[in-house]
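Raw structure09.tsv, TSV, C-alpha atoms:
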```tsv
chain	number	residue	atom	x	y	z
T	4	MET	CA	-10.04	69.99	136.93
T	5	LEU	CA	-8.37	70.37	133.54
T	6	ASP	CA	-9.56	68.66	130.37
T	7	PRO	CA	-6.47	67.33	128.55
T	8	GLU	CA	-8.35	67.67	125.25
T	9	ARG	CA	-8.80	71.44	125.63
T	10	PRO	CA	-5.98	73.97	125.21
T	11	ILE	CA	-4.71	75.51	128.46
T	12	ALA	CA	-4.27	79.27	128.68
T	13	LEU	CA	-1.74	80.17	131.34
T	14	VAL	CA	-1.90	83.27	133.53
T	15	LEU	CA	1.16	83.50	135.74
T	16	PRO	CA	2.26	85.99	138.41
T	17	ARG	CA	5.64	86.37	136.67
T	18	ASP	CA	6.52	85.70	133.04
T	19	GLY	CA	9.78	84.12	134.22
T	20	ASP	CA	7.79	81.28	135.81
T	21	LEU	CA	6.71	79.94	132.41
T	22	PRO	CA	9.51	77.35	131.86
T	23	GLU	CA	8.95	75.74	135.28
T	24	VAL	CA	5.15	75.76	134.92
T	25	LEU	CA	5.39	74.17	131.46
T	26	ARG	CA	7.80	71.55	132.81
T	27	GLN	CA	5.35	70.65	135.60
T	28	PHE	CA	2.41	70.42	133.18
T	29	LEU	CA	4.39	68.26	130.76
T	30	ARG	CA	5.48	66.01	133.63
T	31	VAL	CA	1.84	65.09	134.34
T	32	GLY	CA	0.85	64.73	130.67
T	33	PHE	CA	-0.65	68.10	129.73
T	34	THR	CA	0.73	69.16	126.34
T	35	ASN	CA	-2.04	71.25	124.76
T	36	PHE	CA	-1.35	74.93	125.45
T	37	ALA	CA	-3.17	77.93	123.98
T	38	GLY	CA	-0.58	80.40	125.24
T	39	CYS	CA	0.40	82.55	128.19
T	40	LEU	CA	-0.91	86.01	129.12
T	41	LYS	CA	2.19	88.19	128.89
T	42	GLY	CA	2.45	90.32	132.02
T	43	GLY	CA	-0.19	88.26	133.85
T	44	MET	CA	-3.28	89.75	135.45
T	45	ASP	CA	-1.48	93.04	136.10
T	46	ALA	CA	-1.18	93.57	132.33
T	47	TRP	CA	-4.83	92.55	131.85
T	48	VAL	CA	-6.07	95.05	134.43
T	49	THR	CA	-3.73	97.81	133.21
T	50	ALA	CA	-5.14	97.34	129.69
T	51	GLY	CA	-8.59	98.15	131.08
T	52	LEU	CA	-10.02	94.71	130.34
T	53	SER	CA	-12.93	93.35	132.32
T	54	VAL	CA	-12.39	91.50	135.61
T	55	GLN	CA	-15.03	89.71	137.66
T	56	GLY	CA	-14.68	89.91	141.43
T	57	LEU	CA	-15.44	87.25	143.98
T	58	ALA	CA	-17.18	88.35	147.17
T	59	GLN	CA	-15.67	87.09	150.42
T	60	LEU	CA	-17.52	86.06	153.59
T	61	PRO	CA	-15.17	85.77	156.58
T	62	VAL	CA	-15.91	83.02	159.10
T	63	GLN	CA	-17.06	85.59	161.66
T	64	GLY	CA	-19.71	86.84	159.23
T	65	LEU	CA	-20.72	83.30	158.31
T	66	ASN	CA	-21.11	82.37	161.97
T	67	LYS	CA	-23.40	85.37	162.57
T	68	LEU	CA	-25.90	84.15	159.97
T	69	PRO	CA	-28.34	81.97	161.94
T	70	PRO	CA	-30.03	78.90	160.46
T	71	PRO	CA	-32.12	78.50	158.48
T	72	ARG	CA	-29.73	80.12	156.09
T	73	ASP	CA	-30.98	81.53	152.82
T	74	PHE	CA	-27.94	80.23	150.92
T	75	GLN	CA	-26.27	76.96	149.96
T	76	LEU	CA	-23.15	76.29	152.04
T	77	LEU	CA	-20.78	74.03	150.07
T	78	ASP	CA	-17.80	72.15	151.44
T	79	VAL	CA	-15.53	71.28	148.49
T	80	ARG	CA	-12.74	69.51	150.42
T	81	THR	CA	-11.69	65.88	150.04
T	82	PRO	CA	-13.82	63.06	151.47
T	83	HIS	CA	-11.27	62.52	154.26
T	84	GLU	CA	-11.38	66.20	155.23
T	85	TRP	CA	-15.19	66.14	155.33
T	86	ASP	CA	-15.09	63.05	157.56
T	87	GLU	CA	-12.76	64.87	159.97
T	88	GLY	CA	-15.44	67.52	160.52
T	89	HIS	CA	-17.34	70.27	158.76
T	90	ILE	CA	-19.40	73.39	159.34
T	91	PRO	CA	-22.96	72.67	160.52
T	92	SER	CA	-25.55	72.76	157.69
T	93	ALA	CA	-22.82	72.41	155.03
T	94	ARG	CA	-23.43	70.31	151.96
T	95	TYR	CA	-20.58	68.13	150.72
T	96	LEU	CA	-19.67	68.49	147.05
T	97	PHE	CA	-16.07	67.52	146.25
T	98	LEU	CA	-14.34	70.11	144.04
T	99	GLY	CA	-13.24	67.44	141.55
T	100	GLU	CA	-16.90	66.53	140.90
T	101	LEU	CA	-18.38	70.02	141.03
T	102	SER	CA	-18.64	70.62	137.28
T	103	GLN	CA	-20.52	67.32	136.81
T	104	LYS	CA	-22.96	68.08	139.67
T	105	LEU	CA	-23.88	71.71	139.00
T	106	LYS	CA	-27.47	70.67	138.27
T	107	ALA	CA	-27.84	69.60	141.90
T	108	LEU	CA	-27.49	73.24	142.97
T	109	ASP	CA	-30.16	75.93	142.94
T	110	ARG	CA	-28.97	78.72	140.60
T	111	ASP	CA	-31.40	81.18	142.16
T	112	LYS	CA	-30.11	80.71	145.69
T	113	PRO	CA	-26.82	82.29	146.83
T	114	VAL	CA	-23.86	79.93	147.27
T	115	VAL	CA	-21.14	80.19	149.93
T	116	VAL	CA	-18.12	77.93	149.34
T	117	TYR	CA	-15.37	76.80	151.71
T	118	CYS	CA	-12.46	74.39	151.77
T	119	ALA	CA	-9.58	73.98	154.22
T	120	SER	CA	-7.93	77.35	153.59
T	121	GLY	CA	-9.79	79.23	150.86
T	122	TYR	CA	-7.74	78.24	147.81
T	123	ARG	CA	-9.84	75.36	146.45
T	124	SER	CA	-13.05	77.17	147.37
T	125	SER	CA	-11.86	80.13	145.27
T	126	LEU	CA	-11.49	77.73	142.35
T	127	ALA	CA	-14.94	76.29	143.03
T	128	ALA	CA	-16.49	79.75	143.31
T	129	SER	CA	-14.89	80.80	140.01
T	130	LEU	CA	-16.23	77.64	138.38
T	131	LEU	CA	-19.71	78.43	139.70
T	132	GLN	CA	-19.50	82.01	138.39
T	133	ALA	CA	-18.33	80.76	134.98
T	134	ASN	CA	-21.42	78.53	134.88
T	135	GLY	CA	-23.91	81.30	135.52
T	136	PHE	CA	-24.15	81.40	139.31
T	137	SER	CA	-24.30	85.11	140.09
T	138	LYS	CA	-24.52	85.12	143.91
T	139	VAL	CA	-21.32	83.36	144.99
T	140	ARG	CA	-19.10	84.03	148.00
T	141	ASN	CA	-15.87	82.46	149.16
T	142	VAL	CA	-14.89	81.86	152.79
T	143	PRO	CA	-11.25	83.03	153.17
T	144	GLY	CA	-9.33	80.83	155.56
T	145	GLY	CA	-11.99	78.13	155.13
T	146	TYR	CA	-12.50	75.37	157.67
T	147	GLY	CA	-9.12	76.11	159.25
T	148	ALA	CA	-10.21	79.65	160.09
T	149	TRP	CA	-13.62	78.36	161.25
T	150	THR	CA	-12.11	75.97	163.79
T	151	ALA	CA	-9.35	78.42	164.82
T	152	ALA	CA	-12.11	80.90	165.70
T	153	GLY	CA	-13.67	78.25	167.95
T	154	PHE	CA	-16.89	77.90	165.98
T	155	PRO	CA	-18.81	74.59	166.14
T	156	SER	CA	-18.19	71.74	163.74
T	157	ILE	CA	-19.76	68.34	163.26
T	158	LYS	CA	-18.60	64.94	162.05
T	159	PRO	CA	-20.79	62.63	159.98
T	160	GLU	CA	-22.06	59.94	162.34
T	161	ASP	CA	-22.28	57.28	159.67
T	162	GLY	CA	-19.32	58.43	157.57
T	163	ASN	CA	-21.74	59.00	154.69
T	164	ARG	CA	-20.12	61.60	152.49
T	165	LYS	CA	-21.94	60.61	149.32
T	166	ALA	CA	-24.61	63.07	150.27
T	167	SER	CA	-23.71	65.54	147.55
T	168	ASP	CA	-27.33	65.68	146.49
T	169	THR	CA	-28.72	66.03	150.00
T	170	LYS	CA	-28.35	68.85	152.44
T	171	ARG	CA	-26.43	68.23	155.66
```

Output the structure of this file as structure tokens.
Amino acid sequence: MLDPERPIALVLPRDGDLPEVLRQFLRVGFTNFAGCLKGGMDAWVTAGLSVQGLAQLPVQGLNKLPPPRDFQLLDVRTPHEWDEGHIPSARYLFLGELSQKLKALDRDKPVVVYCASGYRSSLAASLLQANGFSKVRNVPGGYGAWTAAGFPSIKPEDGNRKASDTKR
């Protein structure tokens, strides 16, 4: 997700985490840093600076919305996870390829994003917002919460996950 040619600005929960975070980045070859936000997001918010929120759609709310849905439901998990099962009517678009495939999405139609737990989908939703998508929601708990709630899932019959440009 990171471009090694662009400087990385770090926002950490605790300033004391900086040495370990830098060590981990350096270990995998990232050396171009723009800096670190002192005090993290708490300092940003306390300074009265702007923050953009991300709407959440719990699995119970998602399940209550009957097809045809008036939004794009994106599964951003790995190919293997998709093959293990996904939410009916979801469209597969791997998080690692999302920024290259934004044109395949309808900017005028709301987007609901899920992954296994909600972490990667939060990243995907933030990426969508940063690229001008204004109606974006994240599914907290993701596919794990969906299946734990006993909602239906499907597996691709032919294993075809390269359907990122087609609706499932």

Shortest contact to T:Leu29, candidates T:Ile11, T:Met44, T:Ile90, T:Leu60, atoms counted all atoms listed in the file, goes to T:Ile11

Minimum-distance residue to T:Cys39, chosen among T:Leu13, T:Val24, T:Ala119, T:Leu108 (using only C-alpha atoms):
T:Leu13

Of the residues T:Glu87, T:Met4, T:Asp109, T:Leu40, which is the one nearest to T:Asp18, using all atoms listed in the file?
T:Leu40

Using only C-alpha atoms and a cutoff of 7 Å, can you tell me which residues are near (-23.7, 74.1, 162.1) in the file's coordinates, and write them out as a list of chain:residue names?
T:Ile90, T:Pro91, T:Ser92, T:Pro155, T:Ser156

Would you be able to write out as an MDAnalysis selection string which residues have an atom within 10 Å of (-26.4, 89.0, 141.8) in the file's coordinates, counting only C-alpha atoms?
chainID T and resid 111:113 136:139

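Take atom CA of T:Gly145 and atom CA of T:Asp6: the distance between them is 26.6 Å.
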
Residues within 7 Å of T:Asn141, please, as an MDAnalysis selection string. Count only C-alpha atoms; anything in the same chain fewer than 4 positions from it doesn't count.
chainID T and resid 58:60 115:117 124:125 128

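Take the candidates T:Leu15, T:Asn134, T:Val31, T:Phe97 and check each one against T:His83 using all atoms listed in the file; the shortest distance goes to T:Phe97.
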
So what do you get for atom CA of T:Val79 versus atom CA of T:Tyr95, distance-wise?
6.4 Å

Hey, which of T:Leu25, T:Leu126, T:Ala37, T:Ala46 ends up closest to T:Ala12? Count all atoms listed in the file.
T:Ala37

Hey, which of T:Ala148, T:Leu52, T:Leu68, T:Leu98 ends up closest to T:Leu130? Count all atoms listed in the file.
T:Leu98

Polymer residues at most 10 Å from T:Ala152, all atoms listed in the file, same-chain spacing of 3 or more positions, as a VMD selection string
chain T and resid 62 to 63 66 146 to 149 155

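For the atom pair formed by atom CA of T:Asn35 and atom CA of T:Ala50, the distance is 26.7 Å, given to one decimal.
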